[in-house]
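A short worksheet on the structure shown next.
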Amino acid sequence: MRLGVLDIGSNTVHLLLVDAYPGARPVPFASHKRPLSLVQYLDEDGAINEAGQAELLDFVHEAAQFAINHHAEDLLAFCTSAIRESANGEAVLEKVVAETGVRLTELTGEQEAGMTYYAVRRWFGWSSETILNLDMGGGSFELALGVDEFPTTAHSVPLGAGRLTREWLPEDPPSIAQVKALRNHVREVLADPVAELGEFGRPTVVTGTSKTFRSLARITGAAPSADGPYVKRVLRAESLKLWTNRLTAMNWEERAELPGVSAIRAPQLLAGAIVALEAMSALKVKSLRICPWALREGLMLRRFDHVLFDSTAPLSSSVGVGEVALGQSSAMSMSHGRNVL
């Protein structure tokens, strides 16, 4: 089965096509993406302006055609805080459906946290026992903890790296006063979620997901992405503290020259480092594991679970289940915006 996942994020818009069947790991087939920071197109009322809507519609058209050209059988399309928190988000979603035929499912912050945790659980397995996952986007920061496939508790707070850069660190480089003010703000916002998470005891494994966490791990010494997803990557609080101080003194151009840091994400790397460091400090986490799977993979896996349990094949069939599922998937037509949550 070839499944497409269209992700309208805060920094990029990304279509990922994967080949898989229920019970198998998704294998990337093709990818189509472009940098698009919708928050840069917000007007003074917090609405996405006409230019931003045109960019979004253009990409969704491209993505839908890309999926058709590559014979995708199913398409999941979703959006997160960039549209969720805009003043005209609902109208923009309606416009996307009317002009492209693609229905974007609007995820809540809690759903983001839950589906990302779900992917992390699948990656690390049951032997990890209690998992605490931290996920950083452009507009929000999610924390989720649990022992089962879905988290026991999940929080989403407005501490995305892009948002904080715009609101707290607009200068290049920022002043010491701005950095200090941001640290205090992050500590204040994290206080309640951290207190609630503390009620569940210490996790067995702490993980980090998102491009920001991967970039922070890379600049602190983790293996490059070219080494593949199965290499163990760790972000240590001690190293992160050192690099947060270094990033404070760097301008955006200098940050973009660091390994694993793209030009579009370089401006917000310091804000991401501050949030990561403050969260790890508040949670008393000395190090965390980087998980290569996140929200997109969580949605894919959830979709494949639905295919498996909706199938007429008996669940007791284990040998050859892949062939059965692949044979059945040919009857499915590509549907836009299927909600699998």
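Lettering and numbering for the structure tokens are positional, with chains as A, B, ... in the shown order, residues counted from 1 in each chain, and ligands counted from 1 in the shown order.
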
Find the residues around Asp19 in chain A up to 8 Å (only C-alpha atoms counted), leave out those fewer than 3 positions away in its own chain, and share them as a list in words.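 Surrounding residues, per the criterion: Met1, Arg2, Leu3, Pro26, Val27, Pro28 and Phe29 of chain A.
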
If we count only C-alpha atoms, what is near Pro35 in chain A at a cut-off of 10 Å, once residues fewer than 5 positions away on the same chain are taken out, given as a list in words?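 Returned residues: Gly9, Ser10, Asn11, Thr12, Val13, His14, Ile264 and Arg265 of chain A.
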
What would the file look like if the residues just selected were written as a JSON list (two decimals), in the first residue's frame with all heavy atoms?
[["chain", "number", "residue", "atom", "x", "y", "z"],
["A", 9, "GLY", "N", 3.04, 22.32, 8.27],
["A", 9, "GLY", "CA", 3.65, 22.71, 9.53],
["A", 9, "GLY", "C", 3.89, 24.21, 9.62],
["A", 9, "GLY", "O", 3.45, 24.99, 8.77],
["A", 10, "SER", "N", 4.63, 24.61, 10.64],
["A", 10, "SER", "CA", 4.90, 26.02, 10.87],
["A", 10, "SER", "C", 6.08, 26.52, 10.04],
["A", 10, "SER", "O", 6.16, 27.72, 9.75],
["A", 10, "SER", "CB", 5.18, 26.27, 12.35],
["A", 10, "SER", "OG", 4.05, 25.98, 13.13],
["A", 11, "ASN", "N", 6.99, 25.63, 9.68],
["A", 11, "ASN", "CA", 8.17, 26.03, 8.92],
["A", 11, "ASN", "C", 8.21, 25.48, 7.50],
["A", 11, "ASN", "O", 8.77, 26.12, 6.61],
["A", 11, "ASN", "CB", 9.45, 25.56, 9.65],
["A", 11, "ASN", "CG", 9.65, 26.26, 10.97],
["A", 11, "ASN", "OD1", 9.71, 27.47, 11.04],
["A", 11, "ASN", "ND2", 9.74, 25.49, 12.04],
["A", 12, "THR", "N", 7.66, 24.30, 7.31],
["A", 12, "THR", "CA", 7.67, 23.68, 5.99],
["A", 12, "THR", "C", 6.32, 23.03, 5.71],
["A", 12, "THR", "O", 5.55, 22.74, 6.63],
["A", 12, "THR", "CB", 8.76, 22.59, 5.88],
["A", 12, "THR", "OG1", 8.52, 21.59, 6.88],
["A", 12, "THR", "CG2", 10.14, 23.18, 6.06],
["A", 13, "VAL", "N", 6.06, 22.82, 4.43],
["A", 13, "VAL", "CA", 4.92, 22.01, 4.00],
["A", 13, "VAL", "C", 5.52, 20.80, 3.31],
["A", 13, "VAL", "O", 6.39, 20.93, 2.45],
["A", 13, "VAL", "CB", 3.96, 22.79, 3.09],
["A", 13, "VAL", "CG1", 3.11, 23.74, 3.92],
["A", 13, "VAL", "CG2", 4.72, 23.58, 2.02],
["A", 14, "HIS", "N", 5.06, 19.61, 3.66],
["A", 14, "HIS", "CA", 5.79, 18.40, 3.29],
["A", 14, "HIS", "C", 4.81, 17.27, 2.98],
["A", 14, "HIS", "O", 3.93, 16.96, 3.77],
["A", 14, "HIS", "CB", 6.69, 18.00, 4.47],
["A", 14, "HIS", "CG", 7.61, 16.87, 4.18],
["A", 14, "HIS", "ND1", 8.40, 16.29, 5.15],
["A", 14, "HIS", "CD2", 7.88, 16.18, 3.04],
["A", 14, "HIS", "CE1", 9.12, 15.32, 4.62],
["A", 14, "HIS", "NE2", 8.82, 15.23, 3.34],
["A", 264, "ILE", "N", 16.74, 28.14, 7.00],
["A", 264, "ILE", "CA", 15.41, 28.55, 7.43],
["A", 264, "ILE", "C", 15.19, 28.35, 8.93],
["A", 264, "ILE", "O", 14.43, 29.07, 9.57],
["A", 264, "ILE", "CB", 14.31, 27.80, 6.63],
["A", 264, "ILE", "CG1", 12.94, 28.43, 6.89],
["A", 264, "ILE", "CG2", 14.29, 26.32, 7.00],
["A", 264, "ILE", "CD1", 11.83, 27.85, 6.05],
["A", 265, "ARG", "N", 15.91, 27.39, 9.52],
["A", 265, "ARG", "CA", 15.73, 27.10, 10.94],
["A", 265, "ARG", "C", 16.80, 27.74, 11.82],
["A", 265, "ARG", "O", 16.67, 27.74, 13.04],
["A", 265, "ARG", "CB", 15.71, 25.59, 11.17],
["A", 265, "ARG", "CG", 14.50, 24.91, 10.54],
["A", 265, "ARG", "CD", 14.51, 23.42, 10.79],
["A", 265, "ARG", "NE", 13.42, 22.75, 10.12],
["A", 265, "ARG", "CZ", 12.20, 22.58, 10.62],
["A", 265, "ARG", "NH1", 11.92, 23.04, 11.82],
["A", 265, "ARG", "NH2", 11.26, 21.96, 9.93]]

Between CA of Thr165 in chain A and CA of Gly138 in chain A, distance in Å (one decimal):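 Spanning CA of Thr165 in chain A to CA of Gly138 in chain A is a straight-line distance of 9.4 Å.
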
Can you pull out every residue within 9 Å of Ala223 in chain A, counting only C-alpha atoms, but drop anything in the same chain fewer than 5 positions away, and send it as a compact mmCIF listing (two decimals) with all heavy atoms, in the first residue's frame?
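The result, stored in selection29.txt:
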# COMPACT_ATOMS: atom_id res chain seq x y z
N ALA A 217 20.95 17.96 18.79
CA ALA A 217 21.78 16.79 19.04
C ALA A 217 22.97 16.77 18.10
O ALA A 217 24.10 16.44 18.50
CB ALA A 217 20.94 15.52 18.87
N ARG A 218 22.75 17.16 16.85
CA ARG A 218 23.83 17.14 15.87
C ARG A 218 24.94 18.12 16.24
O ARG A 218 26.12 17.78 16.18
CB ARG A 218 23.26 17.50 14.48
CG ARG A 218 24.33 17.53 13.38
CD ARG A 218 24.79 16.14 13.02
NE ARG A 218 25.86 16.16 12.03
CZ ARG A 218 27.16 16.11 12.32
NH1 ARG A 218 27.56 16.01 13.59
NH2 ARG A 218 28.06 16.14 11.37
N GLY A 228 22.00 7.38 8.83
CA GLY A 228 20.78 6.58 8.89
C GLY A 228 20.02 6.70 10.19
O GLY A 228 20.55 7.20 11.20
N VAL A 231 21.11 4.72 13.98
CA VAL A 231 22.22 5.10 14.84
C VAL A 231 21.67 5.76 16.11
O VAL A 231 20.78 6.61 16.05
CB VAL A 231 23.16 6.09 14.12
CG1 VAL A 231 24.25 6.59 15.05
CG2 VAL A 231 23.77 5.43 12.88
N LYS A 232 22.20 5.37 17.26
CA LYS A 232 21.75 5.95 18.51
C LYS A 232 22.23 7.40 18.62
O LYS A 232 23.42 7.68 18.47
CB LYS A 232 22.29 5.14 19.70
CG LYS A 232 21.83 5.67 21.05
CD LYS A 232 22.37 4.79 22.19
CE LYS A 232 21.94 5.33 23.55
NZ LYS A 232 22.43 4.47 24.66
N ARG A 233 21.30 8.30 18.85
CA ARG A 233 21.63 9.71 18.99
C ARG A 233 21.11 10.21 20.34
O ARG A 233 19.96 9.96 20.69
CB ARG A 233 21.02 10.53 17.84
CG ARG A 233 21.62 10.19 16.48
CD ARG A 233 20.95 10.94 15.35
NE ARG A 233 21.61 10.71 14.07
CZ ARG A 233 21.35 9.70 13.24
NH1 ARG A 233 20.41 8.82 13.58
NH2 ARG A 233 21.99 9.57 12.10

Report the distance between CA of Cys291 in chain A and CA of Gly208 in chain A in Å, rounded to one decimal place. 6.1 Å

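The protein and nucleic acid residues lying at most 10 Å from Glu297 in chain A are Val5, Leu16, Val18, Arg25, Pro26, Met115, Thr116, Tyr118, Ala119, Val120, Arg122, Trp123, Pro292, Trp293, Leu301, Arg302 and Arg303 of chain A, with only C-alpha atoms considered and sequence neighbours fewer than 4 positions away removed.
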
Applying 8 Å and only C-alpha atoms, which residues near Val285 in chain A remain after dropping the ones on its own chain fewer than 3 positions away? List them as a PyMOL selection string. chain A and resi 206+237+280-282+288

Restrict the selected residues to N, CA, C and O atoms and save them as a PDB file, in the first residue's frame.
ATOM      1  N   VAL A 206      13.519   8.949  28.267  1.00  0.00           N
ATOM      2  CA  VAL A 206      13.108  10.283  27.826  1.00  0.00           C
ATOM      3  C   VAL A 206      13.569  10.444  26.385  1.00  0.00           C
ATOM      4  O   VAL A 206      14.721  10.148  26.043  1.00  0.00           O
ATOM      5  N   ALA A 237      22.141  17.222  28.504  1.00  0.00           N
ATOM      6  CA  ALA A 237      21.863  18.547  29.055  1.00  0.00           C
ATOM      7  C   ALA A 237      23.146  19.356  29.249  1.00  0.00           C
ATOM      8  O   ALA A 237      23.173  20.567  29.004  1.00  0.00           O
ATOM      9  N   MET A 280      14.447  20.157  30.119  1.00  0.00           N
ATOM     10  CA  MET A 280      15.267  19.088  30.684  1.00  0.00           C
ATOM     11  C   MET A 280      15.677  19.402  32.108  1.00  0.00           C
ATOM     12  O   MET A 280      15.693  18.523  32.981  1.00  0.00           O
ATOM     13  N   SER A 281      15.969  20.662  32.381  1.00  0.00           N
ATOM     14  CA  SER A 281      16.341  21.071  33.735  1.00  0.00           C
ATOM     15  C   SER A 281      15.175  20.909  34.705  1.00  0.00           C
ATOM     16  O   SER A 281      15.322  20.362  35.801  1.00  0.00           O
ATOM     17  N   ALA A 282      13.994  21.394  34.290  1.00  0.00           N
ATOM     18  CA  ALA A 282      12.821  21.315  35.162  1.00  0.00           C
ATOM     19  C   ALA A 282      12.409  19.874  35.424  1.00  0.00           C
ATOM     20  O   ALA A 282      11.941  19.534  36.514  1.00  0.00           O
ATOM     21  N   LEU A 288      18.545  12.741  26.732  1.00  0.00           N
ATOM     22  CA  LEU A 288      17.385  12.151  26.093  1.00  0.00           C
ATOM     23  C   LEU A 288      17.804  11.515  24.771  1.00  0.00           C
ATOM     24  O   LEU A 288      18.794  11.903  24.152  1.00  0.00           O
TER      25      LEU A 288
END

Out of A:Leu15, A:Glu254, A:Pro170, A:Glu199, which residue has the shortest atom-to-atom distance to Phe66 in chain A when counting only C-alpha atoms?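 Looking only at the distances to Phe66 in chain A, the closest residue turns out to be A:Leu15.
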
Cut-off 9 Å: closest range 131-198 of chain A/range 39-43 of chain A atom pairs per residue, using only C-alpha atoms, as CSV:
residue,atom,partner,partner_atom,distance
A:Gly139,CA,A:Val39,CA,8.9
A:Gly162,CA,A:Val39,CA,8.7
A:Arg163,CA,A:Val39,CA,8.4

Tell me, which residues of range 91-193 of chain A carry DSSP strand (DSSP E), written as a PyMOL selection string? chain A and resi 105-106+131-136+141-146+153-157

Please compute the CA of Asn251 in chain A-CA of Pro173 in chain A distance, one decimal, in Å.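 We find that CA of Asn251 in chain A and CA of Pro173 in chain A lie 4.7 Å from each other.
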
Give the answer as one residue: which of A:Gly89, A:Gly272, A:Gly298, A:Pro203 has the shortest atom-to-atom distance to Ser140 in chain A, using only C-alpha atoms? A:Gly272

Nearest to Thr153 in chain A among A:Leu38, A:Glu129, A:Gly137, A:Phe200, with distances taken over only C-alpha atoms: which residue is it?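 For Thr153 in chain A, the nearest of the candidates is A:Phe200.
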
Pick from A:Ala72, A:Leu145, A:Ala91, A:Leu159 nearest to Glu188 in chain A, counting only C-alpha atoms: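 For Glu188 in chain A, the nearest of the given residues is A:Leu159.
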
Which polymer residues have any atom within 8 Å of an atom of Leu57 in chain A, counting only C-alpha atoms, with same-chain residues fewer than 4 positions away left out, as an MDAnalysis selection string? chainID A and resid 53 61 96 99:100

Quick one: write out the picked residues with all heavy atoms as a PDB file, in the first residue's frame?
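File written: selection-v1.pdb
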ATOM      1  N   GLN A  53      -2.082  32.501   1.674  1.00  0.00           N
ATOM      2  CA  GLN A  53      -3.067  31.533   1.204  1.00  0.00           C
ATOM      3  C   GLN A  53      -2.723  31.031  -0.197  1.00  0.00           C
ATOM      4  O   GLN A  53      -2.884  29.850  -0.503  1.00  0.00           O
ATOM      5  CB  GLN A  53      -4.454  32.169   1.211  1.00  0.00           C
ATOM      6  CG  GLN A  53      -4.979  32.486   2.608  1.00  0.00           C
ATOM      7  CD  GLN A  53      -6.347  33.139   2.583  1.00  0.00           C
ATOM      8  OE1 GLN A  53      -7.249  32.672   1.876  1.00  0.00           O
ATOM      9  NE2 GLN A  53      -6.520  34.209   3.343  1.00  0.00           N
ATOM     10  N   HIS A  61      -1.981  21.958  -4.252  1.00  0.00           N
ATOM     11  CA  HIS A  61      -2.206  21.495  -5.632  1.00  0.00           C
ATOM     12  C   HIS A  61      -1.050  20.615  -6.089  1.00  0.00           C
ATOM     13  O   HIS A  61      -1.246  19.525  -6.642  1.00  0.00           O
ATOM     14  CB  HIS A  61      -2.334  22.695  -6.576  1.00  0.00           C
ATOM     15  CG  HIS A  61      -3.708  23.268  -6.667  1.00  0.00           C
ATOM     16  ND1 HIS A  61      -4.788  22.553  -7.173  1.00  0.00           N
ATOM     17  CD2 HIS A  61      -4.193  24.493  -6.331  1.00  0.00           C
ATOM     18  CE1 HIS A  61      -5.873  23.311  -7.139  1.00  0.00           C
ATOM     19  NE2 HIS A  61      -5.542  24.490  -6.633  1.00  0.00           N
ATOM     20  N   VAL A  96      -9.151  25.734   1.024  1.00  0.00           N
ATOM     21  CA  VAL A  96      -8.298  24.658   0.525  1.00  0.00           C
ATOM     22  C   VAL A  96      -9.154  23.527  -0.041  1.00  0.00           C
ATOM     23  O   VAL A  96      -8.876  22.993  -1.126  1.00  0.00           O
ATOM     24  CB  VAL A  96      -7.367  24.129   1.637  1.00  0.00           C
ATOM     25  CG1 VAL A  96      -6.662  22.857   1.177  1.00  0.00           C
ATOM     26  CG2 VAL A  96      -6.341  25.178   2.026  1.00  0.00           C
ATOM     27  N   GLU A  99     -10.874  24.643  -3.418  1.00  0.00           N
ATOM     28  CA  GLU A  99     -10.024  24.875  -4.584  1.00  0.00           C
ATOM     29  C   GLU A  99      -9.103  23.709  -4.932  1.00  0.00           C
ATOM     30  O   GLU A  99      -8.573  23.657  -6.042  1.00  0.00           O
ATOM     31  CB  GLU A  99      -9.199  26.147  -4.381  1.00  0.00           C
ATOM     32  CG  GLU A  99     -10.064  27.397  -4.235  1.00  0.00           C
ATOM     33  CD  GLU A  99      -9.283  28.680  -4.421  1.00  0.00           C
ATOM     34  OE1 GLU A  99      -8.181  28.639  -4.988  1.00  0.00           O
ATOM     35  OE2 GLU A  99      -9.793  29.737  -3.990  1.00  0.00           O
ATOM     36  N   THR A 100      -8.895  22.783  -3.990  1.00  0.00           N
ATOM     37  CA  THR A 100      -7.980  21.672  -4.283  1.00  0.00           C
ATOM     38  C   THR A 100      -8.621  20.300  -4.104  1.00  0.00           C
ATOM     39  O   THR A 100      -8.080  19.307  -4.593  1.00  0.00           O
ATOM     40  CB  THR A 100      -6.740  21.724  -3.372  1.00  0.00           C
ATOM     41  OG1 THR A 100      -7.110  21.391  -2.023  1.00  0.00           O
ATOM     42  CG2 THR A 100      -6.080  23.104  -3.400  1.00  0.00           C
TER      43      THR A 100
END

Distance criterion (only C-alpha atoms): nearest to Gly101 in chain A out of A:Ala191, A:Leu270, A:Ala77, A:Ile8: A:Ala77

Pick out the residues sitting within 10 Å of Ala154 in chain A, and hand them over as a PyMOL selection string; count only C-alpha atoms, and ignore anything fewer than 2 positions along from it in its own chain. chain A and resi 109-114+117+132-133+142-146+150-152+156+193+196-197

Expected file contents, prior selection, N, CA and C atoms, as a PDB file, in the first residue's frame:
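The resulting file, out-v2.pdb, is shown below:
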ATOM      1  N   GLY A 109      -3.383  20.487  19.880  1.00  0.00           N
ATOM      2  CA  GLY A 109      -2.073  20.278  20.478  1.00  0.00           C
ATOM      3  C   GLY A 109      -1.980  18.946  21.191  1.00  0.00           C
ATOM      4  N   GLU A 110      -3.051  18.548  21.854  1.00  0.00           N
ATOM      5  CA  GLU A 110      -3.064  17.273  22.569  1.00  0.00           C
ATOM      6  C   GLU A 110      -2.993  16.100  21.595  1.00  0.00           C
ATOM      7  N   GLN A 111      -3.673  16.227  20.448  1.00  0.00           N
ATOM      8  CA  GLN A 111      -3.599  15.173  19.440  1.00  0.00           C
ATOM      9  C   GLN A 111      -2.189  15.075  18.857  1.00  0.00           C
ATOM     10  N   GLU A 112      -1.566  16.224  18.637  1.00  0.00           N
ATOM     11  CA  GLU A 112      -0.170  16.221  18.174  1.00  0.00           C
ATOM     12  C   GLU A 112       0.711  15.443  19.150  1.00  0.00           C
ATOM     13  N   ALA A 113       0.569  15.783  20.414  1.00  0.00           N
ATOM     14  CA  ALA A 113       1.383  15.118  21.434  1.00  0.00           C
ATOM     15  C   ALA A 113       1.110  13.625  21.474  1.00  0.00           C
ATOM     16  N   GLY A 114      -0.166  13.257  21.406  1.00  0.00           N
ATOM     17  CA  GLY A 114      -0.548  11.859  21.495  1.00  0.00           C
ATOM     18  C   GLY A 114      -0.069  11.028  20.322  1.00  0.00           C
ATOM     19  N   TYR A 117       3.771  10.676  20.426  1.00  0.00           N
ATOM     20  CA  TYR A 117       4.114   9.666  21.437  1.00  0.00           C
ATOM     21  C   TYR A 117       3.862   8.260  20.899  1.00  0.00           C
ATOM     22  N   LEU A 132       8.717   9.337  28.339  1.00  0.00           N
ATOM     23  CA  LEU A 132       8.392  10.760  28.342  1.00  0.00           C
ATOM     24  C   LEU A 132       8.945  11.330  27.048  1.00  0.00           C
ATOM     25  N   ASN A 133       8.078  11.862  26.200  1.00  0.00           N
ATOM     26  CA  ASN A 133       8.542  12.436  24.936  1.00  0.00           C
ATOM     27  C   ASN A 133       8.343  13.940  24.903  1.00  0.00           C
ATOM     28  N   GLU A 142       5.250  20.130  22.831  1.00  0.00           N
ATOM     29  CA  GLU A 142       4.416  19.091  23.412  1.00  0.00           C
ATOM     30  C   GLU A 142       5.197  18.187  24.354  1.00  0.00           C
ATOM     31  N   LEU A 143       4.537  17.765  25.415  1.00  0.00           N
ATOM     32  CA  LEU A 143       5.105  16.825  26.374  1.00  0.00           C
ATOM     33  C   LEU A 143       4.077  15.715  26.587  1.00  0.00           C
ATOM     34  N   ALA A 144       4.504  14.470  26.474  1.00  0.00           N
ATOM     35  CA  ALA A 144       3.581  13.350  26.652  1.00  0.00           C
ATOM     36  C   ALA A 144       4.279  12.214  27.383  1.00  0.00           C
ATOM     37  N   LEU A 145       3.568  11.592  28.305  1.00  0.00           N
ATOM     38  CA  LEU A 145       4.140  10.520  29.124  1.00  0.00           C
ATOM     39  C   LEU A 145       3.151   9.378  29.242  1.00  0.00           C
ATOM     40  N   GLY A 146       3.666   8.142  29.189  1.00  0.00           N
ATOM     41  CA  GLY A 146       2.783   7.002  29.364  1.00  0.00           C
ATOM     42  C   GLY A 146       3.522   5.680  29.335  1.00  0.00           C
ATOM     43  N   PHE A 150      -0.787   4.816  23.864  1.00  0.00           N
ATOM     44  CA  PHE A 150      -1.136   6.217  23.899  1.00  0.00           C
ATOM     45  C   PHE A 150      -0.789   6.777  25.280  1.00  0.00           C
ATOM     46  N   PRO A 151      -0.460   8.060  25.357  1.00  0.00           N
ATOM     47  CA  PRO A 151       0.034   8.611  26.618  1.00  0.00           C
ATOM     48  C   PRO A 151      -1.019   8.669  27.707  1.00  0.00           C
ATOM     49  N   THR A 152      -0.543   8.580  28.932  1.00  0.00           N
ATOM     50  CA  THR A 152      -1.405   8.756  30.101  1.00  0.00           C
ATOM     51  C   THR A 152      -1.759  10.226  30.263  1.00  0.00           C
ATOM     52  N   SER A 156       0.300  20.513  25.574  1.00  0.00           N
ATOM     53  CA  SER A 156       0.793  21.331  24.480  1.00  0.00           C
ATOM     54  C   SER A 156       0.822  22.775  24.963  1.00  0.00           C
ATOM     55  N   PRO A 193       2.757  22.119  33.564  1.00  0.00           N
ATOM     56  CA  PRO A 193       2.912  20.801  32.954  1.00  0.00           C
ATOM     57  C   PRO A 193       3.965  19.945  33.637  1.00  0.00           C
ATOM     58  N   GLU A 196       2.601  18.474  36.872  1.00  0.00           N
ATOM     59  CA  GLU A 196       1.679  17.349  36.658  1.00  0.00           C
ATOM     60  C   GLU A 196       2.431  16.101  36.216  1.00  0.00           C
ATOM     61  N   LEU A 197       3.403  16.257  35.335  1.00  0.00           N
ATOM     62  CA  LEU A 197       4.183  15.101  34.907  1.00  0.00           C
ATOM     63  C   LEU A 197       4.925  14.470  36.080  1.00  0.00           C
TER      64      LEU A 197
END
